[in-house]
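Trainee: Structure file model-v7.txt (compact mmCIF, C-alpha atoms) right here:
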# COMPACT_ATOMS: atom_id res chain seq x y z
CA MET Q 1 10.07 -47.36 101.69
CA ILE Q 2 8.36 -46.46 98.45
CA ASP Q 3 4.87 -45.25 99.15
CA ASP Q 4 4.48 -43.04 96.12
CA TYR Q 5 4.93 -44.02 92.52
CA LEU Q 6 5.45 -42.14 89.27
CA PHE Q 7 2.49 -42.80 87.01
CA VAL Q 8 2.60 -39.86 84.62
CA ASN Q 9 6.35 -39.32 84.90
CA GLY Q 10 6.89 -43.04 84.43
CA LEU Q 11 4.90 -43.02 81.20
CA ILE Q 12 6.64 -39.87 79.98
CA GLY Q 13 10.09 -41.18 80.86
CA GLY Q 14 9.23 -44.45 79.17
CA ALA Q 15 7.98 -42.66 76.07
CA MET Q 16 11.32 -40.85 75.89
CA LEU Q 17 13.13 -44.19 76.07
CA GLY Q 18 10.88 -45.47 73.32
CA LEU Q 19 11.53 -42.42 71.19
CA SER Q 20 15.27 -42.75 71.71
CA SER Q 21 15.15 -46.38 70.59
CA ALA Q 22 12.92 -45.51 67.64
CA LEU Q 23 15.26 -42.76 66.44
CA LEU Q 24 18.32 -44.96 66.70
CA PHE Q 25 16.63 -47.75 64.78
CA HIS Q 26 14.83 -45.77 62.11
CA PHE Q 27 17.75 -43.52 61.23
CA ASN Q 28 20.80 -45.62 62.07
CA GLY Q 29 19.38 -49.13 62.03
CA ARG Q 30 20.79 -49.91 65.47
CA ILE Q 31 19.20 -51.55 68.50
CA ALA Q 32 19.26 -49.35 71.61
CA GLY Q 33 20.34 -52.20 73.85
CA ILE Q 34 22.79 -50.73 76.30
CA SER Q 35 24.53 -53.96 77.21
CA GLY Q 36 25.05 -54.67 73.51
CA ILE Q 37 26.27 -51.16 72.75
CA LEU Q 38 28.76 -51.40 75.62
CA GLY Q 39 29.66 -54.97 74.68
CA GLY Q 40 30.57 -53.81 71.19
CA LEU Q 41 33.31 -51.72 72.80
CA LEU Q 42 34.63 -54.65 74.86
CA PRO Q 43 36.62 -55.26 72.75
CA PRO Q 44 35.90 -52.68 70.03
CA ARG Q 45 34.06 -54.37 67.16
CA GLU Q 46 33.05 -53.00 63.80
CA ASP Q 47 32.22 -49.32 63.88
CA PRO Q 48 32.95 -48.53 67.57
CA ALA Q 49 32.64 -44.78 67.08
CA TRP Q 50 28.85 -44.62 67.31
CA ARG Q 51 28.89 -46.83 70.39
CA ALA Q 52 31.42 -44.60 72.13
CA LEU Q 53 29.32 -41.58 71.17
CA PHE Q 54 26.12 -43.10 72.53
CA VAL Q 55 27.76 -44.11 75.81
CA SER Q 56 29.26 -40.62 76.13
CA ALA Q 57 25.82 -39.11 75.57
CA LEU Q 58 24.45 -41.27 78.39
CA VAL Q 59 27.15 -40.04 80.76
CA ILE Q 60 26.68 -36.42 79.67
CA GLY Q 61 22.95 -36.91 80.16
CA GLY Q 62 23.68 -38.17 83.65
CA ALA Q 63 25.73 -35.08 84.36
CA LEU Q 64 22.83 -32.93 83.12
CA VAL Q 65 20.50 -34.79 85.47
CA GLU Q 66 22.88 -34.10 88.34
CA LEU Q 67 22.81 -30.42 87.38
CA LEU Q 68 19.12 -29.93 86.60
CA MET Q 69 17.19 -32.58 88.52
CA PRO Q 70 19.50 -34.11 91.12
CA ASP Q 71 16.56 -35.42 93.12
CA LYS Q 72 16.09 -38.00 90.35
CA LEU Q 73 19.37 -39.66 91.36
CA GLY Q 74 18.55 -42.00 94.18
CA ALA Q 75 20.85 -43.12 96.95
CA PRO Q 76 22.49 -46.54 96.65
CA VAL Q 77 20.52 -49.40 98.16
CA GLN Q 78 23.73 -51.22 99.02
CA PRO Q 79 26.05 -49.69 101.59
CA SER Q 80 28.74 -52.21 100.73
CA LEU Q 81 30.97 -51.28 97.79
CA ALA Q 82 31.97 -54.93 97.50
CA LEU Q 83 28.33 -55.84 96.86
CA ILE Q 84 28.05 -52.97 94.38
CA ALA Q 85 31.04 -54.39 92.52
CA LEU Q 86 29.46 -57.86 92.62
CA ALA Q 87 26.19 -56.48 91.32
CA GLY Q 88 28.01 -54.80 88.44
CA LEU Q 89 29.83 -58.04 87.71
CA LEU Q 90 26.64 -60.10 87.64
CA VAL Q 91 24.83 -57.56 85.47
CA GLY Q 92 27.74 -57.27 83.06
CA PHE Q 93 28.24 -61.01 82.85
CA GLY Q 94 24.57 -61.94 82.67
CA THR Q 95 23.66 -59.37 80.02
CA ARG Q 96 26.62 -60.39 77.85
CA LEU Q 97 25.77 -64.09 78.10
CA GLY Q 98 22.06 -63.44 77.70
CA CYS Q 99 22.63 -61.09 74.75
CA GLY Q 100 20.69 -58.19 76.20
CA CYS Q 101 19.18 -56.28 79.09
CA THR Q 102 16.07 -54.26 79.97
CA SER Q 103 16.57 -51.93 77.00
CA GLY Q 104 17.72 -54.47 74.42
CA HIS Q 105 15.28 -57.24 75.27
CA GLY Q 106 12.71 -55.42 77.36
CA ILE Q 107 12.13 -52.40 75.13
CA CYS Q 108 13.55 -53.15 71.70
CA GLY Q 109 12.99 -56.90 71.58
CA LEU Q 110 9.45 -56.86 72.93
CA SER Q 111 8.56 -54.08 70.47
CA ARG Q 112 9.48 -56.48 67.67
CA PHE Q 113 7.52 -59.32 69.32
CA SER Q 114 10.73 -61.31 69.67
CA LYS Q 115 10.24 -64.67 71.40
CA ARG Q 116 13.83 -64.59 72.63
CA SER Q 117 13.32 -61.22 74.21
CA LEU Q 118 10.07 -62.30 75.84
CA VAL Q 119 11.79 -65.29 77.43
CA ALA Q 120 14.76 -63.16 78.48
CA THR Q 121 12.58 -60.41 79.97
CA ILE Q 122 10.39 -62.82 81.94
CA THR Q 123 13.54 -64.57 83.15
CA PHE Q 124 15.43 -61.53 84.40
CA ILE Q 125 12.37 -60.01 86.05
CA GLY Q 126 11.49 -63.35 87.64
CA SER Q 127 15.05 -63.91 88.76
CA GLY Q 128 15.21 -60.41 90.16
CA ALA Q 129 11.97 -60.89 92.06
CA VAL Q 130 13.19 -64.15 93.60
CA ALA Q 131 16.49 -62.50 94.51
CA VAL Q 132 14.65 -59.71 96.33
CA VAL Q 133 12.58 -62.22 98.28
CA LEU Q 134 15.73 -64.08 99.31
CA MET Q 135 17.56 -60.87 100.20
CA ARG Q 136 14.65 -59.71 102.35
CA MET Q 137 14.53 -63.06 104.10
CA PHE Q 138 18.20 -63.50 104.84
CA ALA Q 139 19.46 -59.97 105.21
CA GLY Q 140 16.35 -58.66 106.91
CA GLY Q 141 15.95 -56.26 103.99
CA ALA Q 142 18.99 -55.35 101.89
CA ALA Q 143 17.39 -52.14 100.60
CA MET R 1 23.49 -36.25 60.81
CA LYS R 2 24.13 -39.90 61.62
CA SER R 3 26.23 -38.94 64.65
CA ALA R 4 23.77 -36.28 65.71
CA ILE R 5 21.03 -38.92 65.92
CA VAL R 6 23.24 -41.14 68.08
CA PHE R 7 24.05 -38.30 70.44
CA VAL R 8 20.46 -37.06 70.71
CA ALA R 9 19.22 -40.61 71.24
CA GLY R 10 21.73 -41.10 74.05
CA LEU R 11 20.77 -37.86 75.77
CA LEU R 12 17.07 -38.62 75.38
CA PHE R 13 17.67 -42.07 76.84
CA ALA R 14 19.46 -40.71 79.91
CA LEU R 15 16.82 -38.03 80.52
CA GLY R 16 14.03 -40.54 79.98
CA LEU R 17 15.56 -42.80 82.62
CA ALA R 18 15.75 -39.88 85.02
CA ILE R 19 12.20 -38.61 84.50
CA GLY R 20 10.88 -42.15 84.72
CA GLY R 21 12.51 -42.60 88.10
CA MET R 22 14.86 -45.31 86.87
CA LEU R 23 17.98 -43.62 88.26
CA ASP R 24 16.63 -44.29 91.75
CA PRO R 25 17.76 -47.83 92.58
CA ALA R 26 15.36 -48.11 95.52
CA ARG R 27 12.46 -47.54 93.12
CA VAL R 28 13.79 -50.15 90.71
CA VAL R 29 14.23 -52.74 93.46
CA GLY R 30 10.77 -51.73 94.61
CA PHE R 31 9.38 -52.95 91.29
CA LEU R 32 11.04 -56.34 91.83
CA ASP R 33 9.66 -56.45 95.35
CA PHE R 34 6.38 -57.99 94.18
CA PHE R 35 5.60 -59.53 97.54
CA GLY R 36 6.63 -56.54 99.61
CA ALA R 37 6.15 -52.80 99.16
CA TRP R 38 5.62 -53.02 95.38
CA ASP R 39 6.46 -49.95 93.29
CA PRO R 40 4.85 -50.20 89.83
CA THR R 41 6.78 -47.25 88.35
CA LEU R 42 9.05 -49.43 86.21
CA MET R 43 5.96 -51.04 84.72
CA PHE R 44 4.68 -47.61 83.64
CA VAL R 45 8.07 -46.82 82.16
CA MET R 46 7.97 -50.05 80.16
CA CYS R 47 4.41 -49.33 79.02
CA GLY R 48 5.39 -45.86 77.81
CA ALA R 49 8.45 -47.20 76.03
CA LEU R 50 6.62 -50.09 74.39
CA ALA R 51 3.70 -47.92 73.31
CA VAL R 52 6.07 -45.68 71.37
CA ASN R 53 8.57 -48.24 70.13
CA THR R 54 6.06 -50.88 69.01
CA VAL R 55 4.33 -48.36 66.75
CA ALA R 56 7.67 -46.97 65.59
CA TYR R 57 8.96 -50.41 64.66
CA GLN R 58 5.93 -51.10 62.48
CA ILE R 59 6.70 -47.88 60.64
CA SER R 60 10.44 -48.52 60.38
CA LYS R 61 10.17 -52.11 59.19
CA ARG R 62 8.38 -51.01 56.04
CA ARG R 63 11.67 -49.53 54.90
CA GLU R 64 14.30 -51.70 53.23
CA ARG R 65 17.02 -49.90 55.14
CA PRO R 66 17.40 -47.23 57.80
CA VAL R 67 17.78 -43.63 56.69
CA TYR R 68 21.55 -43.42 57.24
CA ASP R 69 22.71 -47.00 56.73
CA ASP R 70 22.42 -49.72 54.11
CA HIS R 71 20.76 -52.31 56.36
CA PHE R 72 19.08 -52.75 59.74
CA HIS R 73 21.35 -54.36 62.34
CA LEU R 74 19.05 -56.95 63.89
CA PRO R 75 19.99 -59.96 66.05
CA LYS R 76 20.63 -63.07 64.00
CA GLN R 77 19.70 -65.63 66.64
CA SER R 78 16.03 -66.55 66.91
CA ALA R 79 16.01 -69.79 68.90
CA ILE R 80 15.65 -69.88 72.69
CA THR R 81 19.10 -70.99 73.81
CA PRO R 82 20.45 -72.01 77.25
CA ASP R 83 22.82 -69.04 77.40
CA LEU R 84 19.91 -66.68 76.90
CA VAL R 85 18.08 -68.09 79.91
CA LEU R 86 21.14 -68.53 82.14
CA GLY R 87 22.50 -65.10 81.31
CA SER R 88 19.15 -63.45 81.96
CA ALA R 89 18.78 -65.23 85.29
CA ILE R 90 22.22 -64.06 86.41
CA PHE R 91 21.51 -60.53 85.21
CA GLY R 92 18.31 -60.50 87.27
CA VAL R 93 20.22 -61.29 90.46
CA GLY R 94 22.74 -58.50 89.90
CA TRP R 95 19.92 -56.12 89.02
CA ALA R 96 18.08 -56.89 92.24
CA LEU R 97 21.26 -56.56 94.29
CA ALA R 98 22.05 -52.94 93.47
CA GLY R 99 18.98 -51.80 91.53
CA TYR R 100 20.97 -50.95 88.40
CA CYS R 101 20.87 -52.36 84.90
CA PRO R 102 23.40 -51.21 82.26
CA GLY R 103 21.61 -48.04 81.11
CA PRO R 104 21.16 -46.42 84.54
CA ALA R 105 24.60 -47.63 85.61
CA ILE R 106 26.39 -45.83 82.77
CA THR R 107 24.14 -42.78 83.06
CA SER R 108 24.86 -42.49 86.79
CA LEU R 109 28.56 -42.19 85.95
CA GLY R 110 27.65 -38.64 84.97
CA SER R 111 27.11 -37.91 88.65
CA GLY R 112 30.63 -39.08 89.39
CA THR R 113 29.92 -40.97 92.59
CA LEU R 114 32.24 -43.70 93.84
CA THR R 115 29.31 -46.11 93.70
CA SER R 116 28.77 -45.44 90.00
CA VAL R 117 32.46 -45.89 89.21
CA ILE R 118 32.68 -49.23 91.05
CA LEU R 119 29.40 -50.36 89.51
CA VAL R 120 30.52 -49.63 85.95
CA ALA R 121 33.97 -51.12 86.61
CA GLY R 122 32.21 -54.31 87.66
CA LEU R 123 29.97 -54.06 84.59
CA ILE R 124 32.97 -53.86 82.27
CA VAL R 125 34.82 -56.78 83.88
CA GLY R 126 31.61 -58.81 83.95
CA SER R 127 30.94 -58.12 80.29
CA LEU R 128 34.42 -59.30 79.33
CA LEU R 129 33.98 -62.48 81.39
CA GLY R 130 30.56 -62.96 79.84
CA ARG R 131 32.11 -62.80 76.40
CA SER R 132 34.37 -65.73 77.30
CA ALA R 133 31.40 -67.64 78.69
CA SER R 134 29.44 -67.02 75.48
CA LYS R 135 32.18 -68.67 73.51
CA LEU R 136 31.83 -71.83 75.60
CA PHE R 137 28.18 -72.03 74.63
CA GLU R 138 29.03 -71.39 71.00
CA LYS R 139 31.37 -74.38 70.94
CA GLN R 140 28.71 -76.69 72.31
CA SER R 141 26.01 -75.84 69.77
So, in terms of structure tokens, how does the structure I just supplied come out?

Mentor:
Amino acid sequence: MIDDYLFVNGLIGGAMLGLSSALLFHFNGRIAGISGILGGLLPPREDPAWRALFVSALVIGGALVELLMPDKLGAPVQPSLALIALAGLLVGFGTRLGCGCTSGHGICGLSRFSKRSLVATITFIGSGAVAVVLMRMFAGGAA
Amino acid sequence: MKSAIVFVAGLLFALGLAIGGMLDPARVVGFLDFFGAWDPTLMFVMCGALAVNTVAYQISKRRERPVYDDHFHLPKQSAITPDLVLGSAIFGVGWALAGYCPGPAITSLGSGTLTSVILVAGLIVGSLLGRSASKLFEKQS
């Protein structure tokens, strides 16, 4: 049950995401859309080195989080590993088909006032919200 | 320098996710739980990100090219296509199910939990399947 929320830390964390995206775009001309960066490795497309480096940095960053601020890593909401695998599958499939995710469409696309990204963002948030309603109804609360 | 930017951007991204609470799947699902115990944190994260990146983009787009490349790599598609909507809808379901989108999923691999490994394995397989599905839509247009 979430009864506290991160206002200041949310804004700061978000600003860091924005800065990350800005750096990648201004200096390297690349969109910081994680599904796209990963997708460009599956299979490896032109210039896979930077993608592999970025993904590695994410993982190393995650290891740093584990080391320095492990309380930021929350427990899984799904006890079932089968459902975790399914979730990964749906996210991987959907982001590939939809050409982007929360970072690609939500942060980068919306910053450029992209109509496609606006439609995508509204759709995945709306779909997610409906899914939560259904999960709460039928599973008596999956989370 | 080009690689240094990529690495720093990746680290910054992971740390930004952490500080913003986005590596806590319960908090992420809480944002999607509009009709229940709503957690607005993700909205603040988006606001922070968009505040910075919207301004940054206006600055960057004045350049003909990025600092370390000969052109900006922007998406070529501008029309609203069925695969965009369908893919996004499917992504939303998976996101709500486990509370992870691609960024947090890959970042959480750094913690080495079984959950993160299974999640990313699913992500990889899903992405490969999605690539095949994309091709079906390409043929139709």

Trainee: Might you pull out every residue within 12 Å of Ile118 in chain R, with all atoms listed in the file counted and same-chain residues fewer than 6 positions away left off, and present them as a list in words?

Mentor: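 Skipping anything fewer than 6 positions along the chain leaves Pro76, Ser80, Leu81, Ala82, Leu83, Ile84, Ala85, Leu86, Ala87, Gly88 and Leu89 of chain Q; Ala98, Ala105, Ile106, Ser108, Leu109, Gly112, Ile124, Val125 and Gly126 of chain R.
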
Trainee: Each residue of chain Q lying at most 6 Å from chain R should get a row with its shortest atom-to-atom pair and the distance in Å to one decimal, counting all atoms listed in the file; could you produce that, ordered by chain and increasing number, as CSV?

Mentor:
residue,atom,partner,partner_atom,distance
Q:Tyr5,CA,R:Thr41,CA,5.6
Q:Leu6,CA,R:Thr41,CA,5.4
Q:Asn9,CA,R:Gly20,CA,5.3
Q:Gly10,CA,R:Gly20,CA,4.1
Q:Leu11,CA,R:Gly48,CA,4.4
Q:Gly13,CA,R:Gly20,CA,4.1
Q:Gly14,CA,R:Val45,CA,4.0
Q:Ala15,CA,R:Gly48,CA,4.5
Q:Met16,CA,R:Gly16,CA,4.9
Q:Leu17,CA,R:Phe13,CA,5.1
Q:Gly18,CA,R:Ala49,CA,4.0
Q:Ser20,CA,R:Ala9,CA,4.5
Q:Ala22,CA,R:Asn53,CA,5.7
Q:His26,CA,R:Pro66,CA,5.2
Q:Phe27,CA,R:Val67,CA,4.5
Q:Asn28,CA,R:Tyr68,CA,5.4
Q:Gly29,CA,R:Phe72,CA,4.3
Q:Arg30,CA,R:His73,CA,5.5
Q:Ile34,CA,R:Gly103,CA,5.6
Q:Ser35,CA,R:Pro102,CA,5.9
Q:Phe54,CA,R:Gly10,CA,5.1
Q:Ala57,CA,R:Gly10,CA,4.8
Q:Leu58,CA,R:Thr107,CA,4.9
Q:Val59,CA,R:Gly110,CA,4.5
Q:Ile60,CA,R:Gly110,CA,5.8
Q:Gly61,CA,R:Leu11,CA,5.0
Q:Gly62,CA,R:Gly110,CA,4.2
Q:Ala63,CA,R:Gly110,CA,4.1
Q:Glu66,CA,R:Ser111,CA,5.7
Q:Lys72,CA,R:Ala18,CA,5.7
Q:Leu73,CA,R:Leu23,CA,5.2
Q:Gly74,CA,R:Asp24,CA,3.9
Q:Val77,CA,R:Ala26,CA,5.9
Q:Ile84,CA,R:Leu119,CA,5.7
Q:Ala85,CA,R:Gly122,CA,5.0
Q:Ala87,CA,R:Gly94,CA,4.2
Q:Gly88,CA,R:Gly122,CA,4.3
Q:Leu89,CA,R:Gly126,CA,4.2
Q:Leu90,CA,R:Gly94,CA,4.8
Q:Val91,CA,R:Phe91,CA,4.5
Q:Gly92,CA,R:Leu123,CA,4.2
Q:Phe93,CA,R:Gly126,CA,4.2
Q:Gly94,CA,R:Gly87,CA,4.0
Q:Thr95,CA,R:Phe91,CA,5.7
Q:Arg96,CA,R:Gly130,CA,5.1
Q:Leu97,CA,R:Gly87,CA,4.7
Q:Gly98,CA,R:Leu84,CA,4.0
Q:Ser111,CA,R:Thr54,CA,4.3
Q:Arg116,CA,R:Ile80,CA,5.6
Q:Ala120,CA,R:Ser88,CA,5.6
Q:Thr123,CA,R:Ala89,CA,5.7
Q:Phe124,CA,R:Gly92,CA,4.2
Q:Ser127,CA,R:Gly92,CA,4.9
Q:Gly128,CA,R:Gly92,CA,4.2
Q:Ala129,CA,R:Leu32,CA,4.6
Q:Ala131,CA,R:Val93,CA,5.6

Trainee: Create the file for the chosen residues now, containing C-alpha atoms and written as an mmCIF file, keeping the file's coordinate frame.

Mentor:
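What landed in again-v1.cif:
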data_model
loop_
_atom_site.group_PDB
_atom_site.id
_atom_site.type_symbol
_atom_site.label_atom_id
_atom_site.label_comp_id
_atom_site.auth_asym_id
_atom_site.auth_seq_id
_atom_site.Cartn_x
_atom_site.Cartn_y
_atom_site.Cartn_z
ATOM 1 C CA TYR Q 5 4.930 -44.020 92.520
ATOM 2 C CA LEU Q 6 5.450 -42.140 89.270
ATOM 3 C CA ASN Q 9 6.350 -39.320 84.900
ATOM 4 C CA GLY Q 10 6.890 -43.040 84.430
ATOM 5 C CA LEU Q 11 4.900 -43.020 81.200
ATOM 6 C CA GLY Q 13 10.090 -41.180 80.860
ATOM 7 C CA GLY Q 14 9.230 -44.450 79.170
ATOM 8 C CA ALA Q 15 7.980 -42.660 76.070
ATOM 9 C CA MET Q 16 11.320 -40.850 75.890
ATOM 10 C CA LEU Q 17 13.130 -44.190 76.070
ATOM 11 C CA GLY Q 18 10.880 -45.470 73.320
ATOM 12 C CA SER Q 20 15.270 -42.750 71.710
ATOM 13 C CA ALA Q 22 12.920 -45.510 67.640
ATOM 14 C CA HIS Q 26 14.830 -45.770 62.110
ATOM 15 C CA PHE Q 27 17.750 -43.520 61.230
ATOM 16 C CA ASN Q 28 20.800 -45.620 62.070
ATOM 17 C CA GLY Q 29 19.380 -49.130 62.030
ATOM 18 C CA ARG Q 30 20.790 -49.910 65.470
ATOM 19 C CA ILE Q 34 22.790 -50.730 76.300
ATOM 20 C CA SER Q 35 24.530 -53.960 77.210
ATOM 21 C CA PHE Q 54 26.120 -43.100 72.530
ATOM 22 C CA ALA Q 57 25.820 -39.110 75.570
ATOM 23 C CA LEU Q 58 24.450 -41.270 78.390
ATOM 24 C CA VAL Q 59 27.150 -40.040 80.760
ATOM 25 C CA ILE Q 60 26.680 -36.420 79.670
ATOM 26 C CA GLY Q 61 22.950 -36.910 80.160
ATOM 27 C CA GLY Q 62 23.680 -38.170 83.650
ATOM 28 C CA ALA Q 63 25.730 -35.080 84.360
ATOM 29 C CA GLU Q 66 22.880 -34.100 88.340
ATOM 30 C CA LYS Q 72 16.090 -38.000 90.350
ATOM 31 C CA LEU Q 73 19.370 -39.660 91.360
ATOM 32 C CA GLY Q 74 18.550 -42.000 94.180
ATOM 33 C CA VAL Q 77 20.520 -49.400 98.160
ATOM 34 C CA ILE Q 84 28.050 -52.970 94.380
ATOM 35 C CA ALA Q 85 31.040 -54.390 92.520
ATOM 36 C CA ALA Q 87 26.190 -56.480 91.320
ATOM 37 C CA GLY Q 88 28.010 -54.800 88.440
ATOM 38 C CA LEU Q 89 29.830 -58.040 87.710
ATOM 39 C CA LEU Q 90 26.640 -60.100 87.640
ATOM 40 C CA VAL Q 91 24.830 -57.560 85.470
ATOM 41 C CA GLY Q 92 27.740 -57.270 83.060
ATOM 42 C CA PHE Q 93 28.240 -61.010 82.850
ATOM 43 C CA GLY Q 94 24.570 -61.940 82.670
ATOM 44 C CA THR Q 95 23.660 -59.370 80.020
ATOM 45 C CA ARG Q 96 26.620 -60.390 77.850
ATOM 46 C CA LEU Q 97 25.770 -64.090 78.100
ATOM 47 C CA GLY Q 98 22.060 -63.440 77.700
ATOM 48 C CA SER Q 111 8.560 -54.080 70.470
ATOM 49 C CA ARG Q 116 13.830 -64.590 72.630
ATOM 50 C CA ALA Q 120 14.760 -63.160 78.480
ATOM 51 C CA THR Q 123 13.540 -64.570 83.150
ATOM 52 C CA PHE Q 124 15.430 -61.530 84.400
ATOM 53 C CA SER Q 127 15.050 -63.910 88.760
ATOM 54 C CA GLY Q 128 15.210 -60.410 90.160
ATOM 55 C CA ALA Q 129 11.970 -60.890 92.060
ATOM 56 C CA ALA Q 131 16.490 -62.500 94.510
#

Trainee: Would you mind reading off the distance between CA of Trp50 in chain Q and CA of Phe25 in chain Q, one decimal, in Å?

Mentor: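 CA of Phe25 in chain Q lies 12.9 Å from CA of Trp50 in chain Q.
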
Trainee: Write out as a PyMOL selection string the residues lying within 7 Å of Gly33 in chain Q, counting all atoms listed in the file and excluding same-chain residues fewer than 6 positions away.

Mentor: chain Q and resi 100-101+103-104

Trainee: Would you give the centre and edge lengths, in Å to one decimal, of a box along x, y and z around the listed atoms of range 129-135 of chain Q, with 4 Å added to each side, as lines of an AutoDock Vina configuration file?

Mentor:
center_x = 14.8
center_y = -61.9
center_z = 96.1
size_x = 13.6
size_y = 12.4
size_z = 16.1

Trainee: Give me, please, the distance in Å between CA of Ile37 in chain Q and CA of Arg51 in chain Q, quoted to one decimal.

Mentor: 5.6 Å

Trainee: So, with all atoms listed in the file as the atoms that count, which of Q:Ala32, Q:Met135, Q:Leu19, Q:Ile12 lies closest to Cys108 in chain Q?

Mentor: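 Under the stated criterion, the closest residue is Q:Ala32.
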
Trainee: Kindly give the distance, in Å, that separates CA of Thr102 in chain Q and CA of Thr121 in chain Q, rounded to a single decimal.

Mentor: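 If I compute the distance from CA of Thr102 in chain Q to CA of Thr121 in chain Q, I get 7.1 Å.
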
Trainee: Could you add N, CA and C atoms to range 77-91 of chain R and give me the result as a PDB file, in the frame of the given file?

Mentor:
ATOM      1  N   GLN R  77      20.163 -64.434  65.935  1.00  0.00           N
ATOM      2  CA  GLN R  77      19.700 -65.630  66.640  1.00  0.00           C
ATOM      3  C   GLN R  77      18.206 -65.521  66.912  1.00  0.00           C
ATOM      4  N   SER R  78      17.457 -66.585  66.617  1.00  0.00           N
ATOM      5  CA  SER R  78      16.030 -66.550  66.910  1.00  0.00           C
ATOM      6  C   SER R  78      15.580 -67.656  67.863  1.00  0.00           C
ATOM      7  N   ALA R  79      16.389 -68.684  68.023  1.00  0.00           N
ATOM      8  CA  ALA R  79      16.010 -69.790  68.900  1.00  0.00           C
ATOM      9  C   ALA R  79      16.226 -69.420  70.363  1.00  0.00           C
ATOM     10  N   ILE R  80      15.461 -70.055  71.242  1.00  0.00           N
ATOM     11  CA  ILE R  80      15.650 -69.880  72.690  1.00  0.00           C
ATOM     12  C   ILE R  80      16.803 -70.790  73.092  1.00  0.00           C
ATOM     13  N   THR R  81      17.905 -70.205  73.492  1.00  0.00           N
ATOM     14  CA  THR R  81      19.100 -70.990  73.810  1.00  0.00           C
ATOM     15  C   THR R  81      19.395 -70.950  75.309  1.00  0.00           C
ATOM     16  N   PRO R  82      20.153 -71.959  75.811  1.00  0.00           N
ATOM     17  CA  PRO R  82      20.450 -72.010  77.250  1.00  0.00           C
ATOM     18  C   PRO R  82      21.182 -70.777  77.755  1.00  0.00           C
ATOM     19  N   ASP R  83      22.084 -70.211  76.946  1.00  0.00           N
ATOM     20  CA  ASP R  83      22.820 -69.040  77.400  1.00  0.00           C
ATOM     21  C   ASP R  83      21.915 -67.836  77.571  1.00  0.00           C
ATOM     22  N   LEU R  84      20.876 -67.767  76.770  1.00  0.00           N
ATOM     23  CA  LEU R  84      19.910 -66.680  76.900  1.00  0.00           C
ATOM     24  C   LEU R  84      19.243 -66.715  78.270  1.00  0.00           C
ATOM     25  N   VAL R  85      18.793 -67.926  78.639  1.00  0.00           N
ATOM     26  CA  VAL R  85      18.080 -68.090  79.910  1.00  0.00           C
ATOM     27  C   VAL R  85      19.024 -67.948  81.102  1.00  0.00           C
ATOM     28  N   LEU R  86      20.171 -68.599  81.030  1.00  0.00           N
ATOM     29  CA  LEU R  86      21.140 -68.530  82.140  1.00  0.00           C
ATOM     30  C   LEU R  86      21.629 -67.101  82.338  1.00  0.00           C
ATOM     31  N   GLY R  87      22.006 -66.478  81.241  1.00  0.00           N
ATOM     32  CA  GLY R  87      22.500 -65.100  81.310  1.00  0.00           C
ATOM     33  C   GLY R  87      21.454 -64.164  81.903  1.00  0.00           C
ATOM     34  N   SER R  88      20.218 -64.318  81.455  1.00  0.00           N
ATOM     35  CA  SER R  88      19.150 -63.450  81.960  1.00  0.00           C
ATOM     36  C   SER R  88      18.916 -63.669  83.445  1.00  0.00           C
ATOM     37  N   ALA R  89      18.982 -64.920  83.876  1.00  0.00           N
ATOM     38  CA  ALA R  89      18.780 -65.230  85.290  1.00  0.00           C
ATOM     39  C   ALA R  89      19.868 -64.574  86.152  1.00  0.00           C
ATOM     40  N   ILE R  90      21.103 -64.662  85.677  1.00  0.00           N
ATOM     41  CA  ILE R  90      22.220 -64.060  86.410  1.00  0.00           C
ATOM     42  C   ILE R  90      22.100 -62.541  86.428  1.00  0.00           C
ATOM     43  N   PHE R  91      21.723 -61.972  85.294  1.00  0.00           N
ATOM     44  CA  PHE R  91      21.510 -60.530  85.210  1.00  0.00           C
ATOM     45  C   PHE R  91      20.474 -60.082  86.238  1.00  0.00           C
TER      46      PHE R  91
END
